[in-house]
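> File final21.txt follows (compact mmCIF, C-alpha atoms (C1' of nucleotides)):
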```
# COMPACT_ATOMS: atom_id res chain seq x y z
CA MET A 1 0.00 0.00 0.00
CA LYS A 2 1.62 3.25 -1.18
CA THR A 3 1.61 6.39 0.90
CA LEU A 4 -1.57 8.38 0.55
CA ARG A 5 -1.46 11.98 -0.47
CA ALA A 6 -1.77 14.33 2.50
CA ASP A 7 -5.29 15.51 1.69
CA ALA A 8 -6.41 11.94 1.08
CA GLN A 9 -5.04 10.96 4.44
CA ARG A 10 -6.95 13.78 6.06
CA SER A 11 -10.20 12.83 4.32
CA ARG A 12 -9.79 9.26 5.39
CA GLU A 13 -9.33 10.20 9.00
CA ARG A 14 -12.32 12.52 9.00
CA ILE A 15 -14.47 9.80 7.49
CA VAL A 16 -13.40 7.26 10.10
CA GLN A 17 -14.05 9.75 12.86
CA ALA A 18 -17.51 10.63 11.55
CA ALA A 19 -18.27 6.94 11.11
CA GLU A 20 -17.27 6.23 14.67
CA THR A 21 -19.83 8.62 16.12
CA ALA A 22 -22.48 7.59 13.59
CA PHE A 23 -21.98 3.92 14.42
CA ARG A 24 -22.18 4.67 18.10
CA ARG A 25 -25.47 6.51 17.61
CA HIS A 26 -27.18 4.41 14.99
CA GLY A 27 -25.30 1.11 14.86
CA VAL A 28 -23.21 -0.10 11.96
CA GLU A 29 -26.14 0.30 9.58
CA ALA A 30 -25.88 4.07 9.77
CA SER A 31 -26.25 5.85 6.44
CA LEU A 32 -22.95 6.14 4.59
CA GLU A 33 -24.18 9.30 2.89
CA ALA A 34 -24.79 10.90 6.26
CA ILE A 35 -21.34 9.88 7.42
CA ALA A 36 -19.82 11.43 4.32
CA LYS A 37 -21.72 14.64 4.92
CA ASP A 38 -20.70 14.75 8.59
CA ALA A 39 -17.11 14.23 7.54
CA GLY A 40 -17.42 17.09 5.06
CA VAL A 41 -16.59 14.95 2.04
CA GLY A 42 -18.59 13.77 -0.95
CA SER A 43 -20.05 10.30 -0.89
CA ALA A 44 -17.81 9.34 -3.80
CA THR A 45 -14.78 10.03 -1.64
CA LEU A 46 -16.08 7.76 1.07
CA HIS A 47 -16.68 5.00 -1.44
CA ARG A 48 -13.21 5.37 -2.93
CA HIS A 49 -11.58 5.00 0.46
CA PHE A 50 -13.82 2.18 1.64
CA ARG A 51 -15.19 -0.06 -1.04
CA SER A 52 -17.74 -1.62 1.26
CA ARG A 53 -19.46 -0.87 4.52
CA ARG A 54 -17.54 -3.70 6.07
CA GLU A 55 -14.20 -2.09 5.22
CA LEU A 56 -15.28 1.08 6.97
CA VAL A 57 -16.54 -0.79 10.00
CA GLU A 58 -13.28 -2.65 10.34
CA ALA A 59 -11.28 0.53 9.99
CA VAL A 60 -13.33 2.14 12.75
CA PHE A 61 -13.08 -0.78 15.16
CA ARG A 62 -9.62 -2.02 14.27
CA GLY A 63 -7.97 -0.28 17.19
CA SER A 64 -10.37 -1.38 19.88
CA THR A 65 -10.55 -4.91 18.50
CA ASN A 66 -6.81 -5.18 18.70
CA ALA A 67 -6.95 -3.82 22.24
CA VAL A 68 -9.33 -6.59 23.23
CA ALA A 69 -7.06 -9.10 21.56
CA ALA A 70 -4.12 -7.72 23.52
CA GLU A 71 -6.09 -8.11 26.73
CA ALA A 72 -5.70 -11.84 26.23
CA THR A 73 -2.01 -11.80 27.02
CA ARG A 74 -2.59 -9.69 30.11
CA LEU A 75 -5.18 -12.13 31.43
CA ALA A 76 -2.94 -15.07 30.60
CA ALA A 77 -0.23 -13.54 32.80
CA GLU A 78 -2.50 -12.73 35.73
CA GLN A 79 -4.83 -15.69 36.06
CA PRO A 80 -4.73 -19.48 35.88
CA PRO A 81 -5.47 -20.88 32.41
CA GLY A 82 -9.16 -21.72 32.80
CA PRO A 83 -10.38 -18.44 34.28
CA ALA A 84 -8.10 -16.49 31.95
CA LEU A 85 -9.88 -17.95 28.95
CA PHE A 86 -13.36 -17.57 30.38
CA HIS A 87 -12.85 -14.03 31.51
CA TRP A 88 -11.39 -13.09 28.18
CA LEU A 89 -14.42 -14.54 26.40
CA GLN A 90 -16.59 -12.43 28.70
CA ALA A 91 -14.52 -9.41 27.76
CA VAL A 92 -14.96 -10.11 24.05
CA LEU A 93 -18.69 -10.50 24.59
CA ARG A 94 -18.96 -7.22 26.47
CA TYR A 95 -16.96 -5.50 23.79
CA THR A 96 -19.27 -6.62 21.00
CA LEU A 97 -22.36 -5.87 23.07
CA ALA A 98 -21.12 -2.35 23.66
CA ASN A 99 -20.96 -1.69 19.93
CA ARG A 100 -24.28 -2.37 18.33
CA GLY A 101 -23.91 -4.35 15.13
CA LEU A 102 -20.20 -4.88 15.48
CA ALA A 103 -20.72 -8.61 15.82
CA THR A 104 -21.94 -8.82 12.24
CA THR A 105 -18.48 -7.94 10.96
CA LEU A 106 -16.59 -10.12 13.42
CA VAL A 107 -17.24 -13.02 11.14
CA PRO A 108 -14.81 -14.52 8.67
CA LEU A 109 -14.83 -12.88 5.25
CA PRO A 110 -17.13 -14.77 2.91
CA ASP A 111 -14.67 -15.13 0.04
CA GLU A 112 -10.98 -15.65 0.62
CA ASN A 113 -10.04 -12.03 0.21
CA HIS A 114 -6.81 -12.08 2.13
CA GLU A 115 -6.01 -8.48 1.23
CA GLY A 116 -7.89 -6.96 4.11
CA TYR A 117 -7.80 -7.02 7.85
CA CYS A 118 -10.41 -9.18 9.54
CA GLY A 119 -11.33 -8.69 13.17
CA HIS A 120 -12.33 -12.30 13.48
CA ASP A 121 -8.84 -13.45 12.58
CA ALA A 122 -7.26 -11.07 15.06
CA LEU A 123 -9.42 -12.41 17.88
CA SER A 124 -8.94 -16.04 16.89
CA ALA A 125 -5.20 -15.58 16.97
CA ALA A 126 -5.47 -14.01 20.42
CA ALA A 127 -7.63 -16.85 21.68
CA GLU A 128 -5.25 -19.55 20.57
CA PRO A 129 -2.64 -19.37 23.38
CA LEU A 130 -5.32 -19.00 26.05
CA LEU A 131 -7.06 -22.06 24.74
CA VAL A 132 -3.90 -24.12 24.50
CA ALA A 133 -3.03 -23.28 28.09
CA ALA A 134 -6.52 -24.08 29.34
CA LYS A 135 -6.47 -27.40 27.55
CA SER A 136 -3.14 -28.52 28.93
CA ALA A 137 -4.35 -27.55 32.38
CA GLY A 138 -7.23 -29.93 31.75
CA GLN A 139 -9.77 -27.17 32.11
CA VAL A 140 -11.16 -27.32 28.60
CA ARG A 141 -12.05 -30.22 26.34
CA ALA A 142 -9.30 -31.12 23.92
CA ASP A 143 -11.50 -31.11 20.82
CA VAL A 144 -12.51 -27.46 21.04
CA THR A 145 -10.86 -24.92 18.74
CA ALA A 146 -10.30 -21.19 19.03
CA VAL A 147 -12.72 -20.64 16.18
CA ASP A 148 -15.31 -22.68 18.07
CA VAL A 149 -15.23 -20.56 21.19
CA LEU A 150 -15.19 -17.31 19.27
CA SER A 151 -18.03 -18.51 17.11
CA LEU A 152 -20.12 -19.17 20.18
CA VAL A 153 -19.38 -15.74 21.62
CA ASN A 154 -20.15 -14.19 18.28
CA ALA A 155 -23.37 -16.14 17.90
CA ILE A 156 -24.54 -14.87 21.26
CA SER A 157 -23.61 -11.31 20.31
CA LEU A 158 -25.61 -11.56 17.11
CA LEU A 159 -28.61 -12.72 19.09
CA ALA A 160 -28.27 -9.97 21.65
CA ASP A 161 -28.09 -7.43 18.83
CA ARG A 162 -31.53 -8.46 17.67
CA ASP A 163 -33.06 -9.33 21.01
CA PRO A 164 -32.24 -6.75 23.66
CA GLY A 165 -34.04 -8.91 26.19
CA ALA A 166 -31.52 -11.71 25.92
CA ASP A 167 -29.10 -12.06 28.81
CA ALA A 168 -25.97 -12.58 26.77
CA GLU A 169 -23.59 -13.18 29.65
CA ARG A 170 -25.86 -15.81 31.09
CA LEU A 171 -26.00 -17.58 27.73
CA LEU A 172 -22.23 -17.51 27.49
CA GLY A 173 -22.04 -19.11 30.90
CA LEU A 174 -24.41 -21.84 29.78
CA ALA A 175 -22.46 -22.49 26.59
CA ILE A 176 -19.23 -22.78 28.55
CA THR A 177 -20.45 -25.09 31.26
CA GLY A 178 -23.02 -26.84 29.12
CA ILE A 179 -26.73 -27.24 29.39
CA ALA A 180 -26.52 -30.92 30.16
CA PRO A 181 -24.48 -32.51 32.93
CA SER A 182 -21.58 -34.36 31.38
CA ALA A 183 -23.22 -37.61 32.46
CA CYS A 184 -25.52 -37.58 29.49
CA ALA A 185 -23.14 -36.07 26.98
CA GLU A 186 -22.42 -39.39 25.33
CA GLN A 187 -26.07 -39.94 24.64
CA LEU A 188 -25.94 -37.25 21.99
CA GLY A 189 -24.56 -38.00 18.57
CA ARG A 190 -26.72 -40.92 17.60
CA ALA A 191 -28.37 -39.22 14.64
CA PRO A 192 -32.11 -39.58 14.27
CA MET B 1 -60.05 -10.28 13.14
CA LYS B 2 -63.07 -9.92 10.88
CA THR B 3 -63.56 -12.06 7.81
CA LEU B 4 -61.73 -10.74 4.81
CA ARG B 5 -63.55 -10.07 1.59
CA ALA B 6 -63.07 -12.85 -0.95
CA ASP B 7 -60.78 -10.88 -3.24
CA ALA B 8 -58.71 -9.71 -0.31
CA GLN B 9 -58.34 -13.28 0.84
CA ARG B 10 -57.16 -14.28 -2.62
CA SER B 11 -54.66 -11.43 -2.77
CA ARG B 12 -53.29 -12.36 0.59
CA GLU B 13 -52.76 -15.96 -0.40
CA ARG B 14 -51.06 -15.05 -3.66
CA ILE B 15 -48.72 -12.70 -1.79
CA VAL B 16 -47.78 -15.36 0.74
CA GLN B 17 -47.18 -17.86 -2.02
CA ALA B 18 -45.01 -15.46 -4.00
CA ALA B 19 -43.13 -14.53 -0.84
CA GLU B 20 -42.48 -18.17 -0.09
CA THR B 21 -40.65 -18.77 -3.36
CA ALA B 22 -38.89 -15.41 -3.18
CA PHE B 23 -37.67 -16.13 0.35
CA ARG B 24 -36.47 -19.55 -0.72
CA ARG B 25 -34.51 -18.05 -3.58
CA HIS B 26 -33.18 -14.85 -2.07
CA GLY B 27 -33.61 -15.19 1.68
CA VAL B 28 -35.99 -13.14 3.78
CA GLU B 29 -34.44 -9.90 2.52
CA ALA B 30 -36.01 -10.40 -0.88
CA SER B 31 -37.53 -7.29 -2.43
CA LEU B 32 -41.12 -6.72 -1.34
CA GLU B 33 -41.83 -4.93 -4.61
CA ALA B 34 -40.72 -7.97 -6.55
CA ILE B 35 -42.89 -10.20 -4.40
CA ALA B 36 -45.87 -7.95 -5.05
CA LYS B 37 -45.23 -8.06 -8.78
CA ASP B 38 -44.87 -11.85 -8.77
CA ALA B 39 -48.12 -12.09 -6.88
CA GLY B 40 -49.77 -9.84 -9.45
CA VAL B 41 -50.74 -7.21 -6.92
CA GLY B 42 -49.65 -3.62 -6.35
CA SER B 43 -47.10 -2.91 -3.69
CA ALA B 44 -49.69 -0.94 -1.75
CA THR B 45 -51.77 -4.07 -1.43
CA LEU B 46 -48.85 -5.99 -0.03
CA HIS B 47 -48.21 -3.26 2.52
CA ARG B 48 -51.82 -3.14 3.55
CA HIS B 49 -51.91 -6.86 4.24
CA PHE B 50 -48.52 -6.99 5.94
CA ARG B 51 -47.47 -3.85 7.74
CA SER B 52 -43.87 -5.01 8.07
CA ARG B 53 -41.54 -7.48 6.48
CA ARG B 54 -41.61 -9.44 9.69
CA GLU B 55 -45.37 -9.95 9.48
CA LEU B 56 -45.01 -11.37 6.02
CA VAL B 57 -42.15 -13.63 7.05
CA GLU B 58 -44.14 -14.99 9.94
CA ALA B 59 -47.16 -15.59 7.74
CA VAL B 60 -45.01 -17.53 5.29
CA PHE B 61 -43.30 -19.68 7.90
CA ARG B 62 -46.10 -20.03 10.37
CA GLY B 63 -47.14 -23.44 9.14
CA SER B 64 -43.71 -25.00 9.07
CA THR B 65 -42.75 -23.45 12.39
CA ASN B 66 -45.81 -24.97 13.98
CA ALA B 67 -44.92 -28.30 12.39
CA VAL B 68 -41.49 -28.18 14.00
CA ALA B 69 -43.11 -27.30 17.29
CA ALA B 70 -45.44 -30.28 16.92
CA GLU B 71 -42.46 -32.52 16.30
CA ALA B 72 -41.61 -31.99 19.95
CA THR B 73 -44.50 -34.06 21.20
CA ARG B 74 -43.67 -36.86 18.76
CA LEU B 75 -40.08 -36.99 20.00
CA ALA B 76 -41.22 -36.86 23.60
CA ALA B 77 -43.29 -39.97 22.98
CA GLU B 78 -40.59 -41.94 21.18
CA GLN B 79 -37.40 -41.20 23.05
CA PRO B 80 -36.16 -40.85 26.60
CA PRO B 81 -36.26 -37.27 27.93
CA GLY B 82 -32.63 -36.24 27.33
CA PRO B 83 -32.27 -37.39 23.74
CA ALA B 84 -35.77 -36.15 22.93
CA LEU B 85 -34.80 -32.63 23.92
CA PHE B 86 -31.45 -32.72 22.18
CA HIS B 87 -32.77 -34.17 18.96
CA TRP B 88 -35.56 -31.66 18.89
CA LEU B 89 -33.08 -28.82 19.29
CA GLN B 90 -31.16 -30.29 16.37
CA ALA B 91 -34.38 -30.35 14.38
CA VAL B 92 -35.06 -26.71 15.18
CA LEU B 93 -31.53 -25.83 14.13
CA ARG B 94 -31.83 -27.69 10.84
CA TYR B 95 -35.14 -26.03 10.17
CA THR B 96 -33.75 -22.52 10.60
CA LEU B 97 -30.63 -23.37 8.62
CA ALA B 98 -32.76 -24.61 5.75
CA ASN B 99 -34.49 -21.24 5.48
CA ARG B 100 -31.95 -18.50 5.05
CA GLY B 101 -32.69 -15.54 7.25
CA LEU B 102 -35.56 -17.17 9.07
CA ALA B 103 -33.62 -17.06 12.32
CA THR B 104 -33.78 -13.28 12.34
CA THR B 105 -37.53 -13.40 12.88
CA LEU B 106 -37.48 -16.24 15.41
CA VAL B 107 -36.66 -13.71 18.04
CA PRO B 108 -39.08 -12.18 20.53
CA LEU B 109 -40.88 -9.09 19.25
CA PRO B 110 -39.04 -5.95 20.35
CA ASP B 111 -42.05 -4.16 21.79
CA GLU B 112 -44.83 -5.95 23.55
CA ASN B 113 -47.09 -6.16 20.55
CA HIS B 114 -49.18 -9.07 21.64
CA GLU B 115 -51.48 -8.76 18.65
CA GLY B 116 -49.42 -10.88 16.35
CA TYR B 117 -48.13 -14.40 16.15
CA CYS B 118 -44.51 -14.89 17.10
CA GLY B 119 -42.61 -17.98 16.03
CA HIS B 120 -40.32 -17.67 19.00
CA ASP B 121 -43.21 -18.03 21.40
CA ALA B 122 -44.56 -21.06 19.57
CA LEU B 123 -41.21 -22.82 19.80
CA SER B 124 -40.64 -21.85 23.42
CA ALA B 125 -43.98 -23.31 24.35
CA ALA B 126 -43.11 -26.52 22.53
CA ALA B 127 -39.75 -26.73 24.28
CA GLU B 128 -41.21 -26.41 27.72
CA PRO B 129 -42.51 -29.97 28.28
CA LEU B 130 -39.38 -31.51 26.76
CA LEU B 131 -37.24 -29.46 29.07
CA VAL B 132 -39.27 -30.27 32.15
CA ALA B 133 -39.03 -33.98 31.39
CA ALA B 134 -35.31 -33.83 30.75
CA LYS B 135 -34.78 -31.97 34.00
CA SER B 136 -36.72 -34.38 36.14
CA ALA B 137 -34.80 -37.23 34.53
CA GLY B 138 -31.68 -35.45 35.76
CA GLN B 139 -30.37 -35.04 32.24
CA VAL B 140 -30.40 -31.26 32.16
CA ARG B 141 -29.38 -28.67 34.71
CA ALA B 142 -32.28 -27.34 36.73
CA ASP B 143 -31.52 -23.67 36.18
CA VAL B 144 -31.93 -23.74 32.41
CA THR B 145 -35.09 -22.35 30.83
CA ALA B 146 -36.84 -23.04 27.56
CA VAL B 147 -35.99 -19.56 26.40
CA ASP B 148 -32.34 -20.25 27.21
CA VAL B 149 -32.06 -23.29 25.02
CA LEU B 150 -33.97 -21.75 22.15
CA SER B 151 -31.88 -18.63 22.41
CA LEU B 152 -28.73 -20.67 22.02
CA VAL B 153 -30.11 -22.49 19.00
CA ASN B 154 -31.21 -19.21 17.55
CA ALA B 155 -27.88 -17.56 18.21
CA ILE B 156 -26.12 -20.34 16.35
CA SER B 157 -28.55 -20.02 13.46
CA LEU B 158 -27.90 -16.31 13.23
CA LEU B 159 -24.18 -16.96 13.08
CA ALA B 160 -24.56 -19.65 10.42
CA ASP B 161 -26.66 -17.26 8.35
CA ARG B 162 -23.73 -14.86 8.16
CA ASP B 163 -20.90 -17.34 8.14
CA PRO B 164 -21.60 -20.26 5.82
CA GLY B 165 -18.34 -21.82 6.98
CA ALA B 166 -19.59 -22.31 10.52
CA ASP B 167 -20.52 -25.87 11.47
CA ALA B 168 -23.74 -25.09 13.26
CA GLU B 169 -24.52 -28.59 14.46
CA ARG B 170 -21.09 -28.93 15.96
CA LEU B 171 -21.55 -25.65 17.80
CA LEU B 172 -24.89 -26.81 19.15
CA GLY B 173 -23.21 -29.96 20.40
CA LEU B 174 -20.61 -27.87 22.19
CA ALA B 175 -23.20 -25.60 23.75
CA ILE B 176 -25.15 -28.56 25.04
CA THR B 177 -22.27 -30.50 26.50
CA GLY B 178 -20.19 -27.47 27.38
CA ILE B 179 -16.76 -26.34 26.40
CA ALA B 180 -15.33 -26.91 29.82
CA PRO B 181 -15.46 -30.14 31.81
CA SER B 182 -17.84 -29.66 34.70
CA ALA B 183 -14.86 -29.85 37.03
CA CYS B 184 -14.00 -26.23 36.39
CA ALA B 185 -17.51 -24.89 36.02
CA GLU B 186 -17.52 -23.41 39.50
CA GLN B 187 -14.44 -21.39 38.77
CA LEU B 188 -16.48 -19.14 36.57
CA GLY B 189 -18.54 -16.37 38.03
CA ARG B 190 -15.91 -14.51 40.00
CA ALA B 191 -16.16 -11.29 38.05
CA PRO B 192 -12.93 -9.56 37.05
C1' DA C 1 -79.36 -4.75 -9.45
C1' DC C 2 -77.75 -1.26 -6.68
C1' DG C 3 -75.38 1.52 -3.21
C1' DG C 4 -71.87 1.91 -0.03
C1' DA C 5 -67.96 -0.07 2.05
C1' DA C 6 -63.84 -2.66 1.16
C1' DA C 7 -60.06 -3.41 -1.66
C1' DT C 8 -57.02 -2.11 -5.21
C1' DG C 9 -52.73 -0.36 -7.70
C1' DG C 10 -50.45 3.29 -10.42
C1' DG C 11 -47.59 6.45 -9.37
C1' DG C 12 -45.33 9.93 -6.10
C1' DT C 13 -42.06 10.77 -2.39
C1' DG C 14 -38.13 9.89 0.27
C1' DT C 15 -33.86 7.47 1.20
C1' DG C 16 -29.78 5.28 0.30
C1' DC C 17 -26.02 3.02 -2.48
C1' DC C 18 -22.83 3.48 -5.94
C1' DC C 19 -20.32 5.57 -9.76
C1' DC C 20 -19.07 9.02 -13.68
C1' DC C 21 -16.27 12.70 -14.89
C1' DA C 22 -15.09 17.62 -15.00
C1' DT C 23 -12.55 20.22 -11.77
C1' DT C 24 -9.40 21.10 -8.01
C1' DT C 25 -5.20 20.18 -5.41
C1' DA C 26 -0.83 18.23 -3.73
C1' DT C 27 3.79 17.03 -4.96
C1' DG C 28 8.47 16.26 -6.76
C1' DG C 29 11.80 17.44 -10.32
C1' DC C 30 13.65 21.45 -12.28
C1' DG D 1 9.63 28.98 -6.39
C1' DC D 2 7.14 26.98 -10.56
C1' DC D 3 4.99 23.88 -13.27
C1' DA D 4 3.56 19.47 -15.16
C1' DT D 5 1.18 15.58 -13.87
C1' DA D 6 -1.10 12.35 -11.42
C1' DA D 7 -3.98 11.95 -7.37
C1' DA D 8 -7.99 13.27 -5.12
C1' DT D 9 -12.40 15.35 -5.03
C1' DG D 10 -17.62 15.94 -4.93
C1' DG D 11 -21.87 17.33 -7.30
C1' DG D 12 -25.07 15.05 -9.46
C1' DG D 13 -27.28 11.09 -11.99
C1' DG D 14 -28.88 6.24 -12.23
C1' DC D 15 -30.97 2.78 -9.86
C1' DA D 16 -33.47 0.04 -6.36
C1' DC D 17 -36.42 -0.12 -2.68
C1' DA D 18 -39.92 1.00 1.08
C1' DC D 19 -43.89 3.18 1.98
C1' DC D 20 -48.13 5.79 1.19
C1' DC D 21 -51.99 8.74 -1.22
C1' DC D 22 -56.21 8.61 -3.43
C1' DA D 23 -59.04 8.03 -7.60
C1' DT D 24 -61.00 3.96 -9.29
C1' DT D 25 -62.70 -0.74 -9.28
C1' DT D 26 -64.76 -4.75 -7.09
C1' DC D 27 -67.49 -7.21 -3.91
C1' DC D 28 -71.65 -8.29 -1.24
C1' DG D 29 -75.91 -7.76 1.60
C1' DT D 30 -80.23 -6.33 0.74
```
Give the structure from this file in structure tokens form.

Amino acid sequence: MKTLRADAQRSRERIVQAAETAFRRHGVEASLEAIAKDAGVGSATLHRHFRSRRELVEAVFRGSTNAVAAEATRLAAEQPPGPALFHWLQAVLRYTLANRGLATTLVPLPDENHEGYCGHDALSAAAEPLLVAAKSAGQVRADVTAVDVLSLVNAISLLADRDPGADAERLLGLAITGIAPSACAEQLGRAP
Amino acid sequence: MKTLRADAQRSRERIVQAAETAFRRHGVEASLEAIAKDAGVGSATLHRHFRSRRELVEAVFRGSTNAVAAEATRLAAEQPPGPALFHWLQAVLRYTLANRGLATTLVPLPDENHEGYCGHDALSAAAEPLLVAAKSAGQVRADVTAVDVLSLVNAISLLADRDPGADAERLLGLAITGIAPSACAEQLGRAP
DNA sequence: ACGGAAATGGGGTGTGCCCCCATTTATGGC
DNA sequence: GCCATAAATGGGGGCACACCCCATTTCCGT
């Protein structure tokens, strides 16, 4: 990626800033035209800088997503493996809940467009060491992957986005400890 | 609800039928205008019969949603309590996965508009007896509610809608049996 | 068969996404 | 400092869609 011209750089920053407040007020479905106007640029300029809404959303949340990812190493240093993982998952959940609609972009890119940044990948990578540690401490089942746990958190976030009445943290707790006592776990899996 | 005039009844049915095929082809975000055209009615007519997209979606899926709900009693009769519940949850999941976007309307109505039908309520009601049976057989934790389990299924469906790469049935299995062995379940809950 | 109420749909309005292209602006070599 | 050139810009147009107004048509009880 070449260096942007100075004015282009300035436009880009103003767009991201306007988008940040618009997303906070109206969720990630806020009107791109309105964002462009708030930023004092034409809509064409916005579309040249960000070819899709998703690109803009990821630019806006890139910093805070990385901060949450970084939190993983802090928790890993301060707590035993199991709680470190669980508390980090809670933190991820709270982060997505605090930003209406964010969860919809914390999902792998549909086509393998490896050009761009993807928040989902950043979080998966952060989850990996926590999960490995929790597994070798015997606190988490061996067959669970980082993508699995993030997918569950993300699924719950998506639900909470649509259903404000849902108690997302409670659901996360259920998903972690399981609805069924382990006694009957083996009974599942015989397909009907 | 008064009886509709015969022509109104016909219009309504043609709209629902057109919507059904449109939803199957393009998901529940299909263009309402296109549905109206396919049905051979003006868009105003569609909007008079269905004041929101959600109303139309629920009209289209009402029958099949009720069929899935009815499946619960069949399973309850044929299988022991635990498997009956789990297999029914799998059935609900498969049903929502088979109808792209359906999950977004299987969520409680935002405001307490108790006029209309709500698929979520129908399924919750169906889950209740299965859950009670599974609990008294000691196969499911006592503190779990019907809304809890449906919420988890729904959350996973929402994720799978956005991320075709997600293995929804696997995630449901994880949520049921839990990511963590029960040994460390109690460690959760000490807030950071 | 007729009169009024119910139902209809063409078309208008508003909103938003996305892009074209004539014009403006920054920049690096001179 | 100046200028040539490529980068960047944004007003405005095309398009798609949701939603609604209201003049007209259609049904149905009498």
> Calculate how many Å separate CA of Gly42 in chain B from C1' of DC27 in chain D, rounding to one decimal.
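Here the two named atoms are 18.4 Å from each other.
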> For a cut-off of 9 Å around (-66.7, -7.2, -4.6), file coordinates, pick out all residues using all atoms listed in the file and list them as a ChimeraX atom specification.
/B:5-7 /C:6-7 /D:25-28
> Show me, as a count of residues only, the residues of chain B whose atoms get within 12 Å of chain D, using all atoms listed in the file for the distance check.
22
> Residues of chain C near chain B: apply a cut-off of 12 Å, count all atoms listed in the file, and supply the list as a ChimeraX atom specification.
/C:5-11
> Would you pick out the contacts of Val28 in chain A at 8 Å or less, using all atoms listed in the file, so that residues sharing its chain but fewer than 4 positions from it are not included, and give the list as a list in words?
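The contact residues come out as Ala22, Phe23, Arg24, Val57, Arg100, Gly101 and Leu102 of chain A.
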> Write out as a ChimeraX atom specification the residues lying within 9 Å of Ala134 in chain B, counting all atoms listed in the file and excluding same-chain residues fewer than 4 positions away.
/B:80-85,129-130,138-141
> So that I have them on file, write out the residues from the current selection with C-alpha atoms, as a CSV table (one decimal), in the frame of the given file.

```
chain,number,residue,atom,x,y,z
B,80,PRO,CA,-36.2,-40.8,26.6
B,81,PRO,CA,-36.3,-37.3,27.9
B,82,GLY,CA,-32.6,-36.2,27.3
B,83,PRO,CA,-32.3,-37.4,23.7
B,84,ALA,CA,-35.8,-36.2,22.9
B,85,LEU,CA,-34.8,-32.6,23.9
B,129,PRO,CA,-42.5,-30.0,28.3
B,130,LEU,CA,-39.4,-31.5,26.8
B,138,GLY,CA,-31.7,-35.4,35.8
B,139,GLN,CA,-30.4,-35.0,32.2
B,140,VAL,CA,-30.4,-31.3,32.2
B,141,ARG,CA,-29.4,-28.7,34.7
```
> Please identify all polymer residues within 9 Å of Pro110 in chain B, counting only C-alpha atoms (C1' of nucleotides), omitting same-chain residues fewer than 4 positions from it, and present them as a PyMOL selection string.
chain A and resi 162-165
> Starting from the incomplete input, reconstruct N, CA and C atoms of range 114-125 of chain B and report them as a compact mmCIF listing (two decimals), in the coordinates of the input.

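out10.txt written:
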```
# COMPACT_ATOMS: atom_id res chain seq x y z
N HIS B 114 -48.61 -7.74 21.48
CA HIS B 114 -49.18 -9.07 21.64
C HIS B 114 -50.30 -9.38 20.66
N GLU B 115 -50.49 -8.49 19.69
CA GLU B 115 -51.48 -8.76 18.65
C GLU B 115 -51.07 -9.98 17.83
N GLY B 116 -49.84 -9.96 17.39
CA GLY B 116 -49.42 -10.88 16.35
C GLY B 116 -48.91 -12.21 16.86
N TYR B 117 -48.72 -13.10 15.91
CA TYR B 117 -48.13 -14.40 16.15
C TYR B 117 -46.63 -14.21 16.22
N CYS B 118 -45.96 -14.97 17.05
CA CYS B 118 -44.51 -14.89 17.10
C CYS B 118 -43.93 -16.30 17.16
N GLY B 119 -43.16 -16.64 16.13
CA GLY B 119 -42.61 -17.98 16.03
C GLY B 119 -41.81 -18.37 17.25
N HIS B 120 -41.13 -17.40 17.82
CA HIS B 120 -40.32 -17.67 19.00
C HIS B 120 -41.18 -18.20 20.14
N ASP B 121 -42.33 -17.60 20.31
CA ASP B 121 -43.21 -18.03 21.40
C ASP B 121 -43.72 -19.45 21.15
N ALA B 122 -44.05 -19.72 19.89
CA ALA B 122 -44.56 -21.06 19.57
C ALA B 122 -43.50 -22.11 19.90
N LEU B 123 -42.27 -21.84 19.55
CA LEU B 123 -41.21 -22.82 19.80
C LEU B 123 -40.89 -22.93 21.29
N SER B 124 -40.90 -21.79 21.98
CA SER B 124 -40.64 -21.85 23.42
C SER B 124 -41.67 -22.73 24.11
N ALA B 125 -42.92 -22.53 23.73
CA ALA B 125 -43.98 -23.31 24.35
C ALA B 125 -43.77 -24.80 24.09
```
